[in-house]
$ cat query_28.tsv   # TSV, C-alpha atoms
chain	number	residue	atom	x	y	z
A	1	MET	CA	0.00	0.00	0.00
A	2	THR	CA	1.30	3.46	-0.89
A	3	SER	CA	1.74	5.71	2.14
A	4	PRO	CA	0.73	9.38	1.96
A	5	ALA	CA	4.32	10.48	2.40
A	6	SER	CA	5.44	8.43	-0.60
A	7	LEU	CA	3.21	10.48	-2.89
A	8	THR	CA	5.78	13.28	-2.81
A	9	ALA	CA	9.32	12.35	-3.84
A	10	THR	CA	10.41	15.98	-3.87
A	11	PRO	CA	9.30	18.90	-1.71
A	12	LEU	CA	6.01	20.55	-2.59
A	13	GLN	CA	6.70	23.85	-4.33
A	14	ILE	CA	4.58	26.82	-3.26
A	15	GLU	CA	4.73	30.14	-5.08
A	16	VAL	CA	3.06	33.12	-3.46
A	17	VAL	CA	2.33	36.20	-5.55
A	18	SER	CA	1.90	39.15	-3.18
A	19	ASP	CA	2.81	42.72	-2.27
A	20	VAL	CA	4.42	44.08	0.89
A	21	VAL	CA	1.78	46.83	1.21
A	22	CYS	CA	-1.18	44.47	0.94
A	23	PRO	CA	-2.67	43.77	4.38
A	24	TRP	CA	-4.44	40.65	3.13
A	25	CYS	CA	-1.07	39.39	1.91
A	26	PHE	CA	0.21	39.62	5.49
A	27	VAL	CA	-2.84	37.70	6.68
A	28	GLY	CA	-2.31	35.20	3.87
A	29	LYS	CA	1.29	34.64	4.98
A	30	ARG	CA	0.12	33.81	8.48
A	31	ARG	CA	-2.54	31.46	7.15
A	32	LEU	CA	0.03	29.77	4.92
A	33	GLU	CA	2.20	29.26	7.98
A	34	GLY	CA	-0.79	27.62	9.64
A	35	ALA	CA	-1.29	25.42	6.59
A	36	LEU	CA	2.36	24.37	6.66
A	37	ALA	CA	1.98	23.32	10.30
A	38	LEU	CA	-1.09	21.27	9.35
A	39	TYR	CA	0.83	19.77	6.43
A	40	ALA	CA	3.61	18.63	8.76
A	41	GLN	CA	0.98	16.74	10.76
A	42	ALA	CA	-0.68	15.25	7.69
A	43	ARG	CA	2.62	14.35	5.96
A	44	PRO	CA	5.04	13.67	8.85
A	45	ASP	CA	7.50	11.79	6.63
A	46	ALA	CA	7.41	14.23	3.68
A	47	PRO	CA	10.06	16.92	3.16
A	48	PRO	CA	8.92	20.40	4.15
A	49	PRO	CA	7.37	22.39	1.29
A	50	VAL	CA	9.49	25.11	-0.29
A	51	VAL	CA	7.92	28.57	-0.44
A	52	HIS	CA	8.88	31.12	-3.09
A	53	TRP	CA	7.74	34.75	-2.89
A	54	LEU	CA	6.92	36.43	-6.21
A	55	PRO	CA	6.33	40.15	-6.82
A	56	PHE	CA	3.10	42.01	-7.44
A	57	GLN	CA	2.56	45.75	-7.13
A	58	LEU	CA	-0.85	46.98	-6.06
A	59	ASN	CA	0.14	50.49	-7.15
A	60	PRO	CA	2.73	50.21	-9.94
A	61	GLN	CA	1.80	53.70	-11.14
A	62	LEU	CA	3.21	55.38	-8.03
A	63	PRO	CA	6.50	57.25	-8.53
A	64	PRO	CA	9.62	55.78	-6.90
A	65	GLU	CA	9.27	58.24	-4.01
A	66	GLY	CA	5.67	57.15	-3.37
A	67	MET	CA	3.14	59.60	-2.01
A	68	ALA	CA	1.76	60.79	1.32
A	69	ARG	CA	-0.42	58.11	2.86
A	70	LYS	CA	-3.19	60.57	3.74
A	71	ASP	CA	-3.34	61.70	0.10
A	72	TYR	CA	-3.42	58.10	-1.10
A	73	VAL	CA	-6.28	57.20	1.23
A	74	ALA	CA	-8.20	60.33	0.21
A	75	ALA	CA	-7.75	59.61	-3.50
A	76	LYS	CA	-8.67	55.93	-3.19
A	77	TRP	CA	-11.48	56.05	-0.64
A	78	GLY	CA	-12.63	59.64	-0.50
A	79	GLY	CA	-13.38	60.89	2.98
A	80	ARG	CA	-13.11	57.51	4.69
A	81	SER	CA	-10.35	57.09	7.23
A	82	SER	CA	-7.82	54.26	7.23
A	83	ALA	CA	-9.50	52.88	10.34
A	84	ASP	CA	-12.84	52.65	8.52
A	85	VAL	CA	-11.32	51.22	5.36
A	86	TYR	CA	-9.30	48.58	7.19
A	87	ALA	CA	-11.70	47.65	9.99
A	88	ARG	CA	-12.34	44.14	8.66
A	89	VAL	CA	-8.73	43.25	7.85
A	90	SER	CA	-7.65	44.65	11.22
A	91	ALA	CA	-10.07	42.29	12.96
A	92	VAL	CA	-8.92	39.32	10.89
A	93	GLY	CA	-5.30	40.31	11.45
A	94	GLY	CA	-5.86	40.22	15.18
A	95	SER	CA	-7.11	36.65	14.88
A	96	VAL	CA	-3.79	35.54	13.34
A	97	GLY	CA	-1.54	37.61	15.58
A	98	ILE	CA	-1.05	40.71	13.43
A	99	ALA	CA	-1.59	44.02	15.25
A	100	PHE	CA	-2.00	46.25	12.20
A	101	ALA	CA	-1.01	49.86	12.94
A	102	PHE	CA	-2.37	51.69	9.91
A	103	ASP	CA	-2.21	55.00	11.76
A	104	ARG	CA	1.59	54.77	11.80
A	105	ILE	CA	1.89	54.65	8.02
A	106	VAL	CA	2.83	58.07	6.64
A	107	ARG	CA	3.96	57.16	3.14
A	108	GLN	CA	2.42	54.94	0.46
A	109	PRO	CA	5.40	53.47	-1.42
A	110	ASN	CA	6.09	52.14	-4.84
A	111	THR	CA	7.22	48.63	-3.87
A	112	ARG	CA	9.49	47.73	-6.78
A	113	ALA	CA	12.67	48.26	-4.72
A	114	ALA	CA	11.32	46.17	-1.86
A	115	HIS	CA	10.51	43.34	-4.25
A	116	ALA	CA	14.01	43.56	-5.70
A	117	LEU	CA	15.47	42.81	-2.26
A	118	ILE	CA	13.07	39.90	-1.76
A	119	ALA	CA	14.19	38.46	-5.09
A	120	LEU	CA	17.85	38.97	-4.19
A	121	ALA	CA	17.40	37.08	-0.91
A	122	ALA	CA	16.26	34.00	-2.82
A	123	ARG	CA	19.43	33.66	-4.84
A	124	VAL	CA	22.39	35.14	-2.98
A	125	GLN	CA	25.05	32.68	-1.95
A	126	PRO	CA	26.09	31.71	0.60
A	127	GLY	CA	23.11	31.82	2.92
A	128	GLY	CA	20.40	32.73	0.45
A	129	GLY	CA	17.38	30.74	-0.55
A	130	PRO	CA	13.75	30.31	0.43
A	131	ALA	CA	14.38	30.69	4.17
A	132	LEU	CA	16.18	34.02	3.80
A	133	GLN	CA	13.65	35.19	1.23
A	134	GLY	CA	10.82	34.43	3.67
A	135	ALA	CA	12.64	36.28	6.43
A	136	VAL	CA	13.11	39.39	4.28
A	137	LYS	CA	9.47	39.26	3.17
A	138	GLU	CA	8.33	39.03	6.79
A	139	ALA	CA	10.61	41.86	7.85
A	140	LEU	CA	9.28	44.20	5.17
A	141	LEU	CA	5.64	43.40	5.94
A	142	ALA	CA	6.22	43.96	9.66
A	143	ALA	CA	8.19	47.16	9.08
A	144	TYR	CA	5.38	48.65	7.03
A	145	PHE	CA	2.26	47.43	8.80
A	146	LEU	CA	3.44	47.34	12.40
A	147	HIS	CA	5.94	50.19	12.53
A	148	GLY	CA	4.98	52.45	9.62
A	149	ARG	CA	8.48	52.54	8.18
A	150	ASP	CA	9.09	54.32	4.88
A	151	LEU	CA	9.69	51.67	2.20
A	152	THR	CA	10.55	54.32	-0.38
A	153	ASP	CA	13.84	55.06	1.41
A	154	HIS	CA	16.66	52.81	0.22
A	155	ALA	CA	18.65	53.17	3.43
A	156	THR	CA	15.59	52.01	5.38
A	157	LEU	CA	15.05	49.09	3.01
A	158	VAL	CA	18.66	47.98	3.39
A	159	GLU	CA	18.45	48.25	7.17
A	160	ILE	CA	15.29	46.13	7.27
A	161	ALA	CA	16.68	43.49	4.92
A	162	ALA	CA	20.03	43.37	6.72
A	163	ALA	CA	18.29	42.79	10.05
A	164	ALA	CA	16.61	39.78	8.40
A	165	GLY	CA	19.99	38.41	7.31
A	166	LEU	CA	20.68	39.90	3.88
A	167	ASP	CA	24.21	41.20	3.27
A	168	VAL	CA	24.26	44.99	3.51
A	169	GLN	CA	26.64	45.61	0.61
A	170	ARG	CA	24.82	43.20	-1.68
A	171	ALA	CA	21.53	44.87	-0.82
A	172	ARG	CA	22.87	48.36	-1.56
A	173	GLU	CA	24.36	47.28	-4.87
A	174	HIS	CA	21.17	45.51	-5.87
A	175	LEU	CA	18.99	48.54	-5.20
A	176	ALA	CA	21.30	50.63	-7.35
A	177	SER	CA	20.89	48.22	-10.27
A	178	THR	CA	18.35	49.10	-12.95
A	179	GLN	CA	18.48	45.45	-14.04
A	180	ALA	CA	17.21	44.36	-10.63
A	181	GLN	CA	14.08	46.50	-10.88
A	182	HIS	CA	13.57	45.44	-14.50
A	183	GLU	CA	13.56	41.82	-13.32
A	184	VAL	CA	10.81	42.67	-10.84
A	185	GLN	CA	8.72	44.26	-13.59
A	186	THR	CA	9.22	41.24	-15.83
A	187	ALA	CA	8.21	38.80	-13.08
A	188	GLU	CA	5.13	40.84	-12.24
A	189	ALA	CA	4.16	41.04	-15.91
A	190	GLY	CA	4.38	37.26	-16.04
A	191	ALA	CA	1.95	36.96	-13.15
A	192	ARG	CA	-0.52	39.32	-14.80
A	193	GLN	CA	-0.26	37.35	-18.05
A	194	LEU	CA	-1.39	34.30	-16.09
A	195	GLY	CA	-4.53	36.23	-15.20
A	196	ILE	CA	-3.51	37.14	-11.66
A	197	ASP	CA	-5.02	40.53	-10.89
A	198	GLY	CA	-5.38	40.32	-7.12
A	199	VAL	CA	-3.20	39.15	-4.27
A	200	PRO	CA	-2.30	37.08	-2.39
A	201	PHE	CA	-2.36	34.30	-4.96
A	202	PHE	CA	-0.97	30.86	-4.12
A	203	ILE	CA	0.32	28.38	-6.71
A	204	PHE	CA	0.94	24.78	-5.64
A	205	ASN	CA	3.31	22.61	-7.69
A	206	ARG	CA	2.32	24.64	-10.76
A	207	ARG	CA	-0.91	22.62	-10.71
A	208	TYR	CA	-3.42	24.54	-8.60
A	209	GLY	CA	-3.94	28.18	-7.82
A	210	VAL	CA	-5.80	29.63	-4.85
A	211	SER	CA	-6.78	33.28	-4.80
A	212	GLY	CA	-7.11	35.32	-1.61
A	213	ALA	CA	-6.09	34.94	2.02
A	214	GLN	CA	-7.95	31.67	2.42
A	215	GLU	CA	-8.15	29.78	5.70
A	216	SER	CA	-5.27	27.45	6.56
A	217	ALA	CA	-7.45	24.37	6.06
A	218	THR	CA	-8.28	25.48	2.52
A	219	LEU	CA	-4.62	26.04	1.70
A	220	LEU	CA	-3.74	22.66	3.17
A	221	GLN	CA	-6.29	20.93	0.96
A	222	ALA	CA	-4.82	22.61	-2.10
A	223	MET	CA	-1.37	21.40	-1.04
A	224	LEU	CA	-2.58	17.82	-0.72
A	225	ASP	CA	-4.48	18.01	-4.00
A	226	ALA	CA	-1.37	19.30	-5.77
A	227	GLU	CA	0.56	16.24	-4.60
A	228	ALA	CA	-2.11	13.71	-5.53
A	229	PRO	CA	-1.64	11.60	-8.69
A	230	ALA	CA	-2.92	13.55	-11.69
A	231	GLN	CA	-5.55	10.99	-12.62
A	232	SER	CA	-7.22	11.19	-9.23
A	233	ALA	CA	-6.65	14.80	-8.21
A	234	PRO	CA	-9.89	16.80	-8.00
A	235	ALA	CA	-10.46	20.01	-9.89
A	236	HIS	CA	-9.45	23.07	-7.88
A	237	ASP	CA	-10.37	26.71	-8.36
$ encode --input "query_28.tsv" --output "structure tokens"
Amino acid sequence: MTSPASLTATPLQIEVVSDVVCPWCFVGKRRLEGALALYAQARPDAPPPVVHWLPFQLNPQLPPEGMARKDYVAAKWGGRSSADVYARVSAVGGSVGIAFAFDRIVRQPNTRAAHALIALAARVQPGGGPALQGAVKEALLAAYFLHGRDLTDHATLVEIAAAAGLDVQRAREHLASTQAQHEVQTAEAGARQLGIDGVPFFIFNRRYGVSGAQESATLLQAMLDAEAPAQSAPAHD
């Protein structure tokens, strides 16, 4: 009899398309972490899944210096305050341990530079890879949503990424590279060509996609479905 663990000879590959200024992406990261814990229980003998973070900009039209947060909120939601706009996601965030502090955010950034550092973390050697990439992603999300740090400032970005383990000099050089930001634009264009127009978006083994910050149990089921033999795997939205 084939054991569940034997269904996966290689680690499950998870690609997450998201932005560092998307509150639901932060919630989705926490729910993915919950799903990974459930996966470890369901597949105790399987190798841990490998998570890759891919770029998406909610506001690619913003200039590199971004804009004042109060002006952004006014333009996007009229007279509504950030507290009103984000009441629901704040409540959901609290349920997964995220204490959103929207009132601390003073600048709405263009996130291309932040995404460039996340991409760098995945491939630098030695020490780079999915673990470092996840740490840099987490650090940027926390810096923005919990501490209101300015992600338009390159010195701030380098400081945040370095605290997560990225080499300072490599980070500085990467942010100064036009090629690095071009790579982010190309990767994001690829996601949009796949029909992704909202984030977070999860892709499991390049077989199934799940849109939105779904519950951990839903993400777990998609993970298991993606590992199932093709002839028996159910259809998945």
$ closest_atom_pairs --input "query_28.tsv" --of "range 42-106 of chain A" --to "range 18-24 of chain A" --cutoff "6 Å" --atoms "all atoms listed in the file" --output "CSV"
residue,atom,partner,partner_atom,distance
A:Pro55,CA,A:Ser18,CA,5.8
A:Phe56,CA,A:Asp19,CA,5.2
A:Gln57,CA,A:Asp19,CA,5.7
$ write_last_selection --input "query_28.tsv" --atoms "C-alpha atoms" --output "compact mmCIF listing (two decimals), in the frame of the given file"
# COMPACT_ATOMS: atom_id res chain seq x y z
CA PRO A 55 6.33 40.15 -6.82
CA PHE A 56 3.10 42.01 -7.44
CA GLN A 57 2.56 45.75 -7.13
$ axis_aligned_box --input "query_28.tsv" --around "range 146-157 of chain A" --padding-each-side "5 Å" --output "JSON"
{"center_x": 11.0, "center_y": 51.2, "center_z": 6.1, "size_x": 25.2, "size_y": 17.7, "size_z": 22.9}
$ closest_residue --input "query_28.tsv" --among "A:Ala119, A:Ala68, A:Ala83, A:Val51" --to "Gln181 in chain A" --atoms "only C-alpha atoms"
A:Ala119
$ atom_distance --input "query_28.tsv" --atom1 "CA of Ala187 in chain A" --atom2 "CA of Pro130 in chain A"
16.9 Å
$ atom_distance --input "query_28.tsv" --atom1 "CA of Gly198 in chain A" --atom2 "CA of Val16 in chain A"
11.7 Å
$ residues_around --input "query_28.tsv" --residues "range 95-112 of chain A" --least-positions-apart "3" --cutoff "9 Å" --atoms "only C-alpha atoms" --output "ChimeraX atom specification"
/A:19-21,23,26-27,30-31,55-72,82-83,86,89-92,115-117,142,144-152,181,184-185
$ closest_residue --input "query_28.tsv" --among "A:Ala171, A:Asp153, A:Ala9, A:Ala37" --to "Ser216 in chain A" --atoms "only C-alpha atoms"
A:Ala37
